[in-house]
Structure formats: C-alpha cells, structure tokens
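Colleague: Structure file work-v5.cif (mmCIF, C-alpha atoms) right here:
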```cif
data_work
loop_
_atom_site.group_PDB
_atom_site.id
_atom_site.type_symbol
_atom_site.label_atom_id
_atom_site.label_comp_id
_atom_site.auth_asym_id
_atom_site.auth_seq_id
_atom_site.Cartn_x
_atom_site.Cartn_y
_atom_site.Cartn_z
ATOM 1 C CA MET D 1 144.094 296.127 55.273
ATOM 2 C CA ALA D 2 141.729 294.817 52.637
ATOM 3 C CA GLN D 3 138.193 293.961 53.685
ATOM 4 C CA TYR D 4 136.024 291.377 51.992
ATOM 5 C CA GLU D 5 132.288 290.898 51.643
ATOM 6 C CA VAL D 6 130.652 287.481 51.323
ATOM 7 C CA ARG D 7 127.403 286.802 49.471
ATOM 8 C CA ARG D 8 125.210 283.713 49.628
ATOM 9 C CA GLY D 9 122.072 283.975 47.521
ATOM 10 C CA SER D 10 120.419 287.231 48.484
ATOM 11 C CA GLU D 11 122.166 287.460 51.857
ATOM 12 C CA GLN D 12 125.355 289.416 52.329
ATOM 13 C CA PHE D 13 127.846 289.154 55.184
ATOM 14 C CA GLY D 14 130.891 290.962 56.339
ATOM 15 C CA PRO D 15 133.054 292.793 55.762
ATOM 16 C CA TYR D 16 135.816 290.618 57.165
ATOM 17 C CA ASP D 17 139.549 290.984 56.997
ATOM 18 C CA HIS D 18 141.565 288.401 55.092
ATOM 19 C CA GLU D 19 142.454 286.341 58.160
ATOM 20 C CA THR D 20 138.862 286.105 59.404
ATOM 21 C CA LEU D 21 137.655 285.109 55.954
ATOM 22 C CA PHE D 22 140.398 282.480 55.793
ATOM 23 C CA ASN D 23 139.384 281.096 59.191
ATOM 24 C CA TYR D 24 135.671 280.991 58.279
ATOM 25 C CA TYR D 25 136.512 279.149 55.080
ATOM 26 C CA ARG D 26 138.662 276.666 56.935
ATOM 27 C CA GLU D 27 135.938 276.079 59.542
ATOM 28 C CA GLY D 28 133.301 275.605 56.858
ATOM 29 C CA ARG D 29 131.265 278.676 57.768
ATOM 30 C CA VAL D 30 132.039 280.091 54.357
ATOM 31 C CA VAL D 31 131.818 277.498 51.594
ATOM 32 C CA ALA D 32 133.333 277.197 48.130
ATOM 33 C CA THR D 33 130.130 278.216 46.366
ATOM 34 C CA ASP D 34 129.775 281.463 48.351
ATOM 35 C CA GLU D 35 130.733 284.593 46.472
ATOM 36 C CA VAL D 36 133.323 287.021 47.712
ATOM 37 C CA ARG D 37 134.657 290.403 46.660
ATOM 38 C CA GLU D 38 136.901 293.061 48.069
ATOM 39 C CA VAL D 39 134.898 295.951 49.483
ATOM 40 C CA GLY D 40 134.395 298.468 46.704
ATOM 41 C CA ALA D 41 135.151 295.999 43.923
ATOM 42 C CA ALA D 42 132.601 295.618 41.159
ATOM 43 C CA HIS D 43 132.675 291.888 40.538
ATOM 44 C CA TRP D 44 131.990 288.877 42.734
ATOM 45 C CA GLN D 45 133.879 285.638 42.350
ATOM 46 C CA THR D 46 133.195 282.317 44.003
ATOM 47 C CA MET D 47 135.125 281.456 47.121
ATOM 48 C CA GLN D 48 136.699 278.601 45.195
ATOM 49 C CA GLN D 49 138.050 280.921 42.491
ATOM 50 C CA PHE D 50 139.109 283.463 45.094
ATOM 51 C CA SER D 51 140.901 281.009 47.347
ATOM 52 C CA GLN D 52 142.778 278.778 44.910
ATOM 53 C CA PRO D 53 145.585 281.181 43.946
ATOM 54 C CA GLN D 54 146.113 281.961 47.633
ATOM 55 C CA GLY D 55 146.311 278.380 48.830
ATOM 56 C CA MET D 56 143.249 278.695 51.050
ATOM 57 C CA THR D 57 141.537 275.375 51.566
ATOM 58 C CA PRO D 58 138.326 274.552 53.341
ATOM 59 C CA GLN D 59 138.494 271.990 56.136
ATOM 60 C CA SER D 60 135.079 270.619 55.333
ATOM 61 C CA MET D 61 132.517 271.152 52.640
ATOM 62 C CA PRO D 62 129.000 271.523 54.059
ATOM 63 C CA PRO D 63 126.189 270.777 51.645
ATOM 64 C CA PRO D 64 125.223 273.747 49.498
ATOM 65 C CA GLY D 65 122.411 275.851 50.840
ATOM 66 C CA MET D 66 123.402 275.275 54.455
ATOM 67 C CA PRO D 67 122.937 278.476 56.435
ATOM 68 C CA PRO D 68 126.148 280.129 57.581
ATOM 69 C CA GLN D 69 125.887 279.002 61.174
ATOM 70 C CA GLY D 70 127.890 280.977 63.648
ATOM 71 C CA MET D 71 128.957 283.436 60.970
ATOM 72 C CA ALA D 72 128.799 286.674 62.893
ATOM 73 C CA PRO D 73 128.569 289.661 60.635
ATOM 74 C CA PRO D 74 129.702 292.814 62.442
ATOM 75 C CA THR D 75 126.620 294.620 61.175
ATOM 76 C CA GLY D 76 124.410 292.018 62.844
ATOM 77 C CA GLN D 77 121.887 291.748 60.026
ATOM 78 C CA VAL D 78 121.635 287.971 60.391
ATOM 79 C CA ALA D 79 119.789 286.466 63.351
ATOM 80 C CA GLN D 80 122.019 284.244 65.457
ATOM 81 C CA PRO D 81 120.825 280.737 66.319
ATOM 82 C CA VAL D 82 119.142 280.668 69.706
ATOM 83 C CA HIS D 83 121.375 279.103 72.308
ATOM 84 C CA VAL D 84 120.223 278.255 75.799
ATOM 85 C CA GLN D 85 122.896 277.147 78.185
ATOM 86 C CA ARG D 86 121.718 273.893 79.712
ATOM 87 C CA MET D 87 121.742 273.383 83.452
ATOM 88 C CA SER D 88 123.604 270.521 85.060
ATOM 89 C CA LEU D 89 121.529 268.258 87.309
ATOM 90 C CA ALA D 90 124.575 266.928 89.146
ATOM 91 C CA GLY D 91 125.081 269.989 91.352
ATOM 92 C CA PRO D 92 121.477 270.171 92.622
ATOM 93 C CA ILE D 93 121.448 266.382 93.246
ATOM 94 C CA LEU D 94 124.692 266.670 95.174
ATOM 95 C CA VAL D 95 123.344 269.491 97.349
ATOM 96 C CA THR D 96 120.146 267.500 97.940
ATOM 97 C CA LEU D 97 121.771 264.255 99.048
ATOM 98 C CA PHE D 98 124.960 265.444 100.746
ATOM 99 C CA CYS D 99 123.944 268.782 102.117
ATOM 100 C CA CYS D 100 120.661 270.559 102.471
ATOM 101 C CA ILE D 101 117.594 268.843 101.157
ATOM 102 C CA PRO D 102 115.125 271.774 101.002
ATOM 103 C CA PHE D 103 117.478 273.942 98.948
ATOM 104 C CA GLY D 104 118.545 271.040 96.776
ATOM 105 C CA ILE D 105 114.958 270.069 95.946
ATOM 106 C CA VAL D 106 114.112 273.646 94.934
ATOM 107 C CA SER D 107 117.231 273.675 92.792
ATOM 108 C CA ILE D 108 116.282 270.391 91.082
ATOM 109 C CA VAL D 109 112.824 271.802 90.287
ATOM 110 C CA TYR D 110 114.303 274.891 88.617
ATOM 111 C CA ALA D 111 116.992 272.847 86.858
ATOM 112 C CA ALA D 112 114.309 270.543 85.440
ATOM 113 C CA GLN D 113 112.393 273.612 84.242
ATOM 114 C CA VAL D 114 115.414 274.818 82.236
ATOM 115 C CA ASN D 115 115.315 272.016 79.677
ATOM 116 C CA SER D 116 111.525 271.855 79.582
ATOM 117 C CA LYS D 117 111.302 275.566 78.790
ATOM 118 C CA ALA D 118 114.222 275.482 76.359
ATOM 119 C CA SER D 119 112.667 272.571 74.467
ATOM 120 C CA VAL D 120 109.553 274.630 73.703
ATOM 121 C CA GLY D 121 111.597 277.675 72.729
ATOM 122 C CA ASP D 122 111.020 279.726 75.886
ATOM 123 C CA VAL D 123 114.544 281.118 76.018
ATOM 124 C CA ALA D 124 113.883 283.899 78.540
ATOM 125 C CA GLY D 125 112.053 281.505 80.860
ATOM 126 C CA ALA D 126 114.821 278.920 80.599
ATOM 127 C CA GLU D 127 117.473 281.500 81.431
ATOM 128 C CA GLU D 128 115.440 282.667 84.416
ATOM 129 C CA SER D 129 115.039 279.102 85.712
ATOM 130 C CA ARG D 130 118.735 278.434 85.213
ATOM 131 C CA GLY D 131 119.559 281.494 87.295
ATOM 132 C CA LYS D 132 117.233 280.384 90.096
ATOM 133 C CA ALA D 133 118.489 276.782 90.020
ATOM 134 C CA THR D 134 122.072 278.006 90.278
ATOM 135 C CA MET D 135 121.198 280.425 93.073
ATOM 136 C CA TRP D 136 119.404 277.812 95.212
ATOM 137 C CA MET D 137 122.198 275.303 94.607
ATOM 138 C CA TRP D 138 124.890 277.689 95.857
ATOM 139 C CA LEU D 139 122.653 278.961 98.649
ATOM 140 C CA GLY D 140 122.249 275.394 99.867
ATOM 141 C CA PHE D 141 125.958 274.674 99.525
ATOM 142 C CA GLY D 142 126.929 277.931 101.270
ATOM 143 C CA LEU D 143 124.466 277.584 104.143
ATOM 144 C CA GLY D 144 125.345 273.930 104.570
ATOM 145 C CA LEU D 145 129.048 274.730 104.682
ATOM 146 C CA ALA D 146 128.536 277.653 107.078
ATOM 147 C CA GLY D 147 126.204 275.585 109.282
ATOM 148 C CA THR D 148 128.706 272.743 109.384
ATOM 149 C CA ILE D 149 131.559 275.051 110.381
ATOM 150 C CA ILE D 150 129.443 276.740 113.079
ATOM 151 C CA TYR D 151 128.368 273.311 114.343
ATOM 152 C CA ILE D 152 131.925 271.983 114.496
ATOM 153 C CA VAL D 153 133.145 275.137 116.254
ATOM 154 C CA GLY D 154 130.197 274.950 118.675
ATOM 155 C CA VAL D 155 130.842 271.293 119.516
ATOM 156 C CA SER D 156 134.548 271.873 119.886
ATOM 157 C CA ALA D 157 133.894 274.764 122.267
ATOM 158 C CA SER D 158 131.239 273.085 124.436
ATOM 159 C CA GLY D 159 132.431 269.520 124.156
ATOM 160 C CA SER D 160 128.970 268.189 123.343
ATOM 161 C CA SER D 161 126.381 268.473 120.630
ATOM 162 C CA PRO D 162 124.326 271.683 120.917
ATOM 163 C CA PHE D 163 121.334 269.626 119.838
ATOM 164 C CA ASP D 164 121.539 267.072 122.640
ATOM 165 C CA MET Z 1 134.439 268.558 74.522
ATOM 166 C CA LEU Z 2 135.347 271.763 76.354
ATOM 167 C CA GLU Z 3 133.638 275.137 76.221
ATOM 168 C CA ARG Z 4 135.459 277.659 74.099
ATOM 169 C CA GLU Z 5 135.517 280.463 76.660
ATOM 170 C CA ALA Z 6 138.072 280.245 79.448
ATOM 171 C CA VAL Z 7 136.923 280.750 83.035
ATOM 172 C CA GLY Z 8 138.431 283.408 85.281
ATOM 173 C CA VAL Z 9 141.201 282.849 87.789
ATOM 174 C CA ARG Z 10 138.717 283.148 90.672
ATOM 175 C CA ARG Z 11 136.624 280.323 89.241
ATOM 176 C CA ARG Z 12 139.696 278.098 89.014
ATOM 177 C CA VAL Z 13 140.638 278.911 92.594
ATOM 178 C CA ALA Z 14 137.052 278.136 93.660
ATOM 179 C CA ALA Z 15 137.265 274.794 91.831
ATOM 180 C CA GLY Z 16 140.487 274.000 93.649
ATOM 181 C CA LEU Z 17 138.981 274.878 97.029
ATOM 182 C CA MET Z 18 135.884 272.758 96.356
ATOM 183 C CA LEU Z 19 138.026 269.767 95.376
ATOM 184 C CA LEU Z 20 140.157 270.279 98.465
ATOM 185 C CA PHE Z 21 137.027 270.442 100.626
ATOM 186 C CA GLY Z 22 135.633 267.295 99.012
ATOM 187 C CA GLY Z 23 138.955 265.526 99.425
ATOM 188 C CA VAL Z 24 139.200 266.400 103.116
ATOM 189 C CA VAL Z 25 135.621 265.189 103.708
ATOM 190 C CA LEU Z 26 136.282 261.896 101.882
ATOM 191 C CA LEU Z 27 139.575 261.335 103.667
ATOM 192 C CA THR Z 28 137.946 261.981 107.046
ATOM 193 C CA LEU Z 29 135.092 259.603 106.221
ATOM 194 C CA ALA Z 30 137.545 256.966 105.045
ATOM 195 C CA VAL Z 31 139.260 256.752 108.438
ATOM 196 C CA ARG Z 32 136.464 257.640 110.884
ATOM 197 C CA HIS Z 33 132.871 256.472 111.277
ATOM 198 C CA PRO Z 34 130.736 259.619 111.782
ATOM 199 C CA ASP Z 35 129.159 258.173 114.944
ATOM 200 C CA THR Z 36 132.588 257.974 116.561
ATOM 201 C CA VAL Z 37 133.336 261.637 115.889
ATOM 202 C CA SER Z 38 131.694 264.035 118.344
ATOM 203 C CA TRP Z 39 131.907 266.976 115.979
ATOM 204 C CA ALA Z 40 130.564 265.194 112.887
ATOM 205 C CA PRO Z 41 127.770 267.341 111.420
ATOM 206 C CA ILE Z 42 124.279 265.977 111.889
ATOM 207 C CA CYS Z 43 121.281 266.305 109.576
ATOM 208 C CA LEU Z 44 119.373 269.435 110.572
ATOM 209 C CA TRP Z 45 116.208 268.093 108.969
ATOM 210 C CA ARG Z 46 116.345 264.916 111.035
ATOM 211 C CA GLU Z 47 117.208 266.920 114.150
ATOM 212 C CA ALA Z 48 114.267 269.272 113.625
ATOM 213 C CA THR Z 49 111.565 266.846 112.445
ATOM 214 C CA GLY Z 50 112.683 263.429 113.683
ATOM 215 C CA THR Z 51 112.158 262.038 110.187
ATOM 216 C CA LEU Z 52 114.816 260.985 107.697
ATOM 217 C CA CYS Z 53 115.701 263.191 104.731
ATOM 218 C CA ALA Z 54 116.559 261.708 101.325
ATOM 219 C CA GLY Z 55 120.250 262.143 102.110
ATOM 220 C CA CYS Z 56 120.303 260.707 105.630
ATOM 221 C CA GLY Z 57 122.879 257.948 105.857
ATOM 222 C CA THR Z 58 125.250 259.325 103.227
ATOM 223 C CA GLY Z 59 127.961 260.152 105.762
ATOM 224 C CA ARG Z 60 127.946 256.687 107.351
ATOM 225 C CA GLY Z 61 127.324 255.123 103.932
ATOM 226 C CA MET Z 62 130.382 256.813 102.439
ATOM 227 C CA HIS Z 63 132.452 255.569 105.378
ATOM 228 C CA HIS Z 64 131.415 251.976 104.720
ATOM 229 C CA LEU Z 65 131.888 252.352 100.973
ATOM 230 C CA LEU Z 66 135.386 253.765 101.410
ATOM 231 C CA GLN Z 67 136.113 250.809 103.707
ATOM 232 C CA GLY Z 68 134.960 248.512 100.919
ATOM 233 C CA ASP Z 69 131.652 247.436 102.460
ATOM 234 C CA LEU Z 70 129.265 248.032 99.584
ATOM 235 C CA MET Z 71 126.310 246.237 101.210
ATOM 236 C CA ALA Z 72 126.469 248.319 104.393
ATOM 237 C CA ALA Z 73 126.510 251.457 102.255
ATOM 238 C CA TRP Z 74 123.531 250.170 100.268
ATOM 239 C CA ARG Z 75 121.517 249.481 103.433
ATOM 240 C CA LEU Z 76 122.145 252.985 104.782
ATOM 241 C CA ASN Z 77 121.184 254.858 101.617
ATOM 242 C CA PRO Z 78 120.808 253.171 98.221
ATOM 243 C CA LEU Z 79 120.145 256.538 96.563
ATOM 244 C CA MET Z 80 123.629 257.660 97.547
ATOM 245 C CA LEU Z 81 125.065 254.844 95.419
ATOM 246 C CA LEU Z 82 122.603 255.257 92.545
ATOM 247 C CA LEU Z 83 122.492 259.050 92.319
ATOM 248 C CA GLY Z 84 124.803 260.708 94.819
ATOM 249 C CA ILE Z 85 128.064 259.107 93.719
ATOM 250 C CA PRO Z 86 127.458 259.616 89.971
ATOM 251 C CA ALA Z 87 126.513 263.252 90.670
ATOM 252 C CA ALA Z 88 129.611 263.712 92.817
ATOM 253 C CA ALA Z 89 131.756 262.158 90.084
ATOM 254 C CA ILE Z 90 130.303 264.504 87.446
ATOM 255 C CA VAL Z 91 130.808 267.574 89.621
ATOM 256 C CA GLY Z 92 134.273 266.427 90.688
ATOM 257 C CA LEU Z 93 135.379 265.752 87.117
ATOM 258 C CA GLY Z 94 133.969 269.105 85.964
ATOM 259 C CA GLU Z 95 135.710 271.014 88.744
ATOM 260 C CA GLY Z 96 138.946 269.134 88.131
ATOM 261 C CA VAL Z 97 138.924 270.107 84.450
ATOM 262 C CA VAL Z 98 138.147 273.729 85.380
ATOM 263 C CA LEU Z 99 141.088 273.705 87.772
ATOM 264 C CA VAL Z 100 143.554 272.106 85.351
ATOM 265 C CA ALA Z 101 142.407 273.336 81.924
ATOM 266 C CA GLY Z 102 140.656 276.567 82.901
ATOM 267 C CA ARG Z 103 137.616 275.639 80.813
ATOM 268 C CA ARG Z 104 134.302 273.938 81.497
ATOM 269 C CA ILE Z 105 133.352 270.549 80.087
ATOM 270 C CA ARG Z 106 130.638 270.720 77.452
ATOM 271 C CA TRP Z 107 128.302 267.936 78.615
ATOM 272 C CA PRO Z 108 125.712 266.537 76.230
ATOM 273 C CA ALA Z 109 122.271 268.037 76.851
ATOM 274 C CA TRP Z 110 120.036 265.813 78.924
ATOM 275 C CA PRO Z 111 116.426 265.197 77.901
ATOM 276 C CA SER Z 112 113.685 267.267 79.533
ATOM 277 C CA TRP Z 113 112.049 264.308 81.288
ATOM 278 C CA LEU Z 114 115.246 263.388 83.152
ATOM 279 C CA GLY Z 115 115.084 266.325 85.556
ATOM 280 C CA TRP Z 116 111.469 265.630 86.504
ATOM 281 C CA THR Z 117 112.146 261.904 86.832
ATOM 282 C CA LEU Z 118 115.057 262.480 89.200
ATOM 283 C CA LEU Z 119 112.924 264.918 91.194
ATOM 284 C CA ALA Z 120 110.203 262.274 91.529
ATOM 285 C CA VAL Z 121 112.763 259.613 92.535
ATOM 286 C CA VAL Z 122 114.321 261.818 95.225
ATOM 287 C CA VAL Z 123 111.005 263.010 96.665
ATOM 288 C CA GLY Z 124 109.570 259.491 96.413
ATOM 289 C CA TRP Z 125 112.548 258.064 98.316
ATOM 290 C CA TRP Z 126 112.368 260.884 100.877
ATOM 291 C CA VAL Z 127 108.686 260.207 101.656
ATOM 292 C CA GLY Z 128 108.831 256.444 101.165
ATOM 293 C CA ARG Z 129 111.706 255.749 103.554
ATOM 294 C CA ASN Z 130 109.765 257.391 106.409
ATOM 295 C CA LEU Z 131 106.589 255.343 105.960
#
```
Go ahead and render the structure in this file as structure tokens.

Modeller:
Amino acid sequence: MAQYEVRRGSEQFGPYDHETLFNYYREGRVVATDEVREVGAAHWQTMQQFSQPQGMTPQSMPPPGMPPQGMAPPTGQVAQPVHVQRMSLAGPILVTLFCCIPFGIVSIVYAAQVNSKASVGDVAGAEESRGKATMWMWLGFGLGLAGTIIYIVGVSASGSSPFD
Amino acid sequence: MLEREAVGVRRRVAAGLMLLFGGVVLLTLAVRHPDTVSWAPICLWREATGTLCAGCGTGRGMHHLLQGDLMAAWRLNPLMLLLGIPAAAIVGLGEGVVLVAGRRIRWPAWPSWLGWTLLAVVVGWWVGRNL
C-alpha cells in the first residue's frame, strides 16, 4: 500500500497510508497548503492539488501556519502538546460530605493541587497529585462503605448500637 | 462531550454498582428517617470527638429533602444543598454515562482557585458550625 509524506515548511511528517492521510485532511490536521508526496517520489505537490482528483475534501480549513495539532508522526520527531488530565472535584466533595471527612479533605487538597500545578506547567507534579487525590477519594469511599457494612452487621447481630 | 477512549467492562460494572448503591441509599432515606432506623450508620467523627463534621446532618437532611421539606434540610446542613447535591449530581451523571455509553464525560476544566475555595468553604463550615 502506498505511503505518503507530508511537509509543512521545514517540518516533515509521516509516512501515512492513504486512509490516514485522508482522515487527517478531513479533520483539518493536514491543510490544503501542506505539501504531500508518495514515499520515494521526487516532487511535492500541495494537498489541494493532490486531493482534488481523488475527491478528498477537508472538513475545515485552519488558518495557514497553524501547527499540526494532534498529528502523530510514527517517527515521533514532533513534540506532542502537553496534556494533563484534570481532576474532578465532585468525587472528593461527595466523599467529604456523605462519607468520611478526613479522607475527603485530603482528597480535595490534592485535587486542588492538580489544576494549580498544571496551570504553571508542572505536568509531573499535577499527575502525582491527581493520583493521590484519586487514591484518597477511593480509600475514603471504600473504608466508609466497609465501615457501614460492618456497623450494620454489628447492629443487626447485637440489636443495639456498638457505640452506645 | 465524551472522551474518545472507551472504558473497560469492569469500569462499567463498577459504575452500575455505584449507581445501584446510591439508589438504594436514596430510596431508604426517602421512606425512613435515619433516627428511626436502629442500624442507620452514624458519623464516626461525631462519635469519636463529640463535635460535628462538615457532613453531619446529610442523612437526615436528605430524608427531609426527599420528603419535600427543603427548609428542614437547609437547617440540618446547608452545605449539603449547596455543594453535596451538585457534586452528587455530577458524579451520578458521569457514572450513568459510563454505564450506558461506556465513555467518560469530558467536563470543562475548572479554574485553579475553585479547588482551594471549596476547600476553604468546607473547612470553614466544619470549624464554624462547632463554635
């Protein structure tokens, strides 16, 4: 199957197969002004020239000069945009108010750290805080659930509250 | 709207179990006041320290709310209405979508100050209600 290379200015991407190239063009990752050639071919042609005879159409036309976001060359020569998964505050709040306050508070602290660290570009720190926030949230939920079950079983067995 | 990656089958089962658990708790609270149920879980913090935690009153408050008595719920724990219910709705919606669609909701990112503000509100309420 034919493989194609894409060139934008001095940067080169690919190779991609025809279907991938088609999808990137449709999604706007590859734009009409980008140059493309079959691997091994001597001459580049613009994506517009290349696509017209084949009925390939872009879905959107980003402004020229826009970096090829999300374009993932298999060779990995282009740095990917940094992405930090944000942490939900709803889970920690829920654990705090409906379950186990000490664990929930710790979880809120770490969850708050995630966005603060991510906003200053500390990706590793944000990921670490997200892991801790998630861990404390589930720890609180799990211990609260287990404690509740043990309590209910204990009361059912003895007929009165073990804390009375 | 939704994340691109699908979650595993285990995650969907977990979502279903959590929704079931939440549903059973809500249904129980809708028909019974916690004080009339001998086996209703108590707050371990309150039991151990004799002071109220930020979440004390949510069980009784939810009972009153589900019975339609908003003011009684407010008197027991206003933070439950202001924060707890929205948080529960967000988690419930998210888990429901995971269960049905097999993918997570992509929520908009919240600003950095929001987490610290909520932390201050919860801790402030926790301390303040005991003074």

Colleague: If I take atom CA of Leu29 of chain Z and atom CA of Met80 of chain Z, how far is one from the other in Å, to one decimal?

Modeller: 14.5 Å

Colleague: Check what the PyMOL selection byres ((chain D) within 7 of (chain Z)) selects in the file above and give those residues as a compact mmCIF listing (two decimals) with C-alpha atoms, keeping the file's coordinate frame.

Modeller:
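Output file result-v4.txt is given in full below:
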```
# COMPACT_ATOMS: atom_id res chain seq x y z
CA ARG D 86 121.72 273.89 79.71
CA LEU D 89 121.53 268.26 87.31
CA ALA D 90 124.58 266.93 89.15
CA GLY D 91 125.08 269.99 91.35
CA ILE D 93 121.45 266.38 93.25
CA LEU D 94 124.69 266.67 95.17
CA THR D 96 120.15 267.50 97.94
CA LEU D 97 121.77 264.26 99.05
CA PHE D 98 124.96 265.44 100.75
CA ILE D 101 117.59 268.84 101.16
CA ILE D 108 116.28 270.39 91.08
CA VAL D 109 112.82 271.80 90.29
CA ALA D 111 116.99 272.85 86.86
CA ALA D 112 114.31 270.54 85.44
CA ASN D 115 115.32 272.02 79.68
CA SER D 116 111.52 271.86 79.58
CA THR D 148 128.71 272.74 109.38
CA TYR D 151 128.37 273.31 114.34
CA ILE D 152 131.93 271.98 114.50
CA VAL D 155 130.84 271.29 119.52
CA SER D 156 134.55 271.87 119.89
```

Colleague: In Å, how far is it from atom CA of Glu19 of chain D to atom CA of Ala2 of chain D?

Modeller: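 Atom CA of Ala2 of chain D lies at a distance of 10.1 Å from atom CA of Glu19 of chain D.
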
Colleague: What does the distance from atom CA of Leu17 of chain Z to atom CA of Leu93 of chain Z come to in Å, to one decimal?

Modeller: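 If I compute the distance from atom CA of Leu17 of chain Z to atom CA of Leu93 of chain Z, I get 13.9 Å.
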
Colleague: Tell me which protein, DNA and RNA residues are within 6 Å of segment 28-36 of chain D, counting all atoms listed in the file, leaving out same-chain ones fewer than 6 positions away, and put them as a list of chain:residue names.

Modeller: D:Glu5, D:Val6, D:Arg7, D:Arg8, D:Trp44, D:Gln45, D:Thr46, D:Met47, D:Gln48, D:Ser60, D:Pro68

Colleague: Check what the PyMOL selection byres ((chain D and resi 135-146) around 8) selects in the file above and give those residues as a list in words.

Modeller: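 Applied to this file, the PyMOL selection byres ((chain D and resi 135-146) around 8) selects Gly91, Pro92, Val95, Cys99, Cys100, Phe103, Gly104, Val106, Ser107, Gly131, Lys132, Ala133, Thr134, Gly147, Thr148, Ile149 and Ile150 of chain D.
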
Colleague: Please write the residues from the selection above to a file, keeping C-alpha atoms, as a short mmCIF file (atom, residue, chain, number, x, y, z; two decimals), in the coordinates of the input.

Modeller:
```cif
data_model
loop_
_atom_site.label_atom_id
_atom_site.label_comp_id
_atom_site.auth_asym_id
_atom_site.auth_seq_id
_atom_site.Cartn_x
_atom_site.Cartn_y
_atom_site.Cartn_z
CA GLY D 91 125.08 269.99 91.35
CA PRO D 92 121.48 270.17 92.62
CA VAL D 95 123.34 269.49 97.35
CA CYS D 99 123.94 268.78 102.12
CA CYS D 100 120.66 270.56 102.47
CA PHE D 103 117.48 273.94 98.95
CA GLY D 104 118.54 271.04 96.78
CA VAL D 106 114.11 273.65 94.93
CA SER D 107 117.23 273.68 92.79
CA GLY D 131 119.56 281.49 87.30
CA LYS D 132 117.23 280.38 90.10
CA ALA D 133 118.49 276.78 90.02
CA THR D 134 122.07 278.01 90.28
CA GLY D 147 126.20 275.58 109.28
CA THR D 148 128.71 272.74 109.38
CA ILE D 149 131.56 275.05 110.38
CA ILE D 150 129.44 276.74 113.08
#
```

Colleague: What box, with edges along x, y and z, holds each listed atom of segment 81-93 of chain Z when 3 Å is added on every side, and can you state its centre and edge lengths in Å to one decimal, as lines of an AutoDock Vina configuration file?

Modeller:
```
center_x = 128.9
center_y = 261.2
center_z = 91.3
size_x = 18.9
size_y = 18.7
size_z = 14.3
```

Colleague: Pull out every residue that the PyMOL selection byres ((chain D and resi 117) around 12) matches in the shown coordinates and put them as a PyMOL selection string.

Modeller: (chain D and resi 84-87+110-116+118-130) or (chain Z and resi 111-113)

Colleague: Please produce a file of those selected residues containing C-alpha atoms, as an mmCIF file, keeping the file's coordinate frame.

Modeller:
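After the write, again_8.cif holds the following:
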```cif
data_model
loop_
_atom_site.group_PDB
_atom_site.id
_atom_site.type_symbol
_atom_site.label_atom_id
_atom_site.label_comp_id
_atom_site.auth_asym_id
_atom_site.auth_seq_id
_atom_site.Cartn_x
_atom_site.Cartn_y
_atom_site.Cartn_z
ATOM 1 C CA VAL D 84 120.223 278.255 75.799
ATOM 2 C CA GLN D 85 122.896 277.147 78.185
ATOM 3 C CA ARG D 86 121.718 273.893 79.712
ATOM 4 C CA MET D 87 121.742 273.383 83.452
ATOM 5 C CA TYR D 110 114.303 274.891 88.617
ATOM 6 C CA ALA D 111 116.992 272.847 86.858
ATOM 7 C CA ALA D 112 114.309 270.543 85.440
ATOM 8 C CA GLN D 113 112.393 273.612 84.242
ATOM 9 C CA VAL D 114 115.414 274.818 82.236
ATOM 10 C CA ASN D 115 115.315 272.016 79.677
ATOM 11 C CA SER D 116 111.525 271.855 79.582
ATOM 12 C CA ALA D 118 114.222 275.482 76.359
ATOM 13 C CA SER D 119 112.667 272.571 74.467
ATOM 14 C CA VAL D 120 109.553 274.630 73.703
ATOM 15 C CA GLY D 121 111.597 277.675 72.729
ATOM 16 C CA ASP D 122 111.020 279.726 75.886
ATOM 17 C CA VAL D 123 114.544 281.118 76.018
ATOM 18 C CA ALA D 124 113.883 283.899 78.540
ATOM 19 C CA GLY D 125 112.053 281.505 80.860
ATOM 20 C CA ALA D 126 114.821 278.920 80.599
ATOM 21 C CA GLU D 127 117.473 281.500 81.431
ATOM 22 C CA GLU D 128 115.440 282.667 84.416
ATOM 23 C CA SER D 129 115.039 279.102 85.712
ATOM 24 C CA ARG D 130 118.735 278.434 85.213
ATOM 25 C CA PRO Z 111 116.426 265.197 77.901
ATOM 26 C CA SER Z 112 113.685 267.267 79.533
ATOM 27 C CA TRP Z 113 112.049 264.308 81.288
#
```

Colleague: Write out as an mmCIF file with C-alpha atoms, in the coordinates of the input which residues come within 10 Å of Val97 of chain Z when counting all atoms listed in the file, dropping same-chain ones fewer than 6 positions away.

Modeller:
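Saved result, out27.cif, follows:
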```cif
data_model
loop_
_atom_site.group_PDB
_atom_site.id
_atom_site.type_symbol
_atom_site.label_atom_id
_atom_site.label_comp_id
_atom_site.auth_asym_id
_atom_site.auth_seq_id
_atom_site.Cartn_x
_atom_site.Cartn_y
_atom_site.Cartn_z
ATOM 1 C CA LEU Z 2 135.347 271.763 76.354
ATOM 2 C CA ARG Z 12 139.696 278.098 89.014
ATOM 3 C CA ALA Z 15 137.265 274.794 91.831
ATOM 4 C CA VAL Z 91 130.808 267.574 89.621
ATOM 5 C CA ARG Z 103 137.616 275.639 80.813
ATOM 6 C CA ARG Z 104 134.302 273.938 81.497
ATOM 7 C CA ILE Z 105 133.352 270.549 80.087
#
```
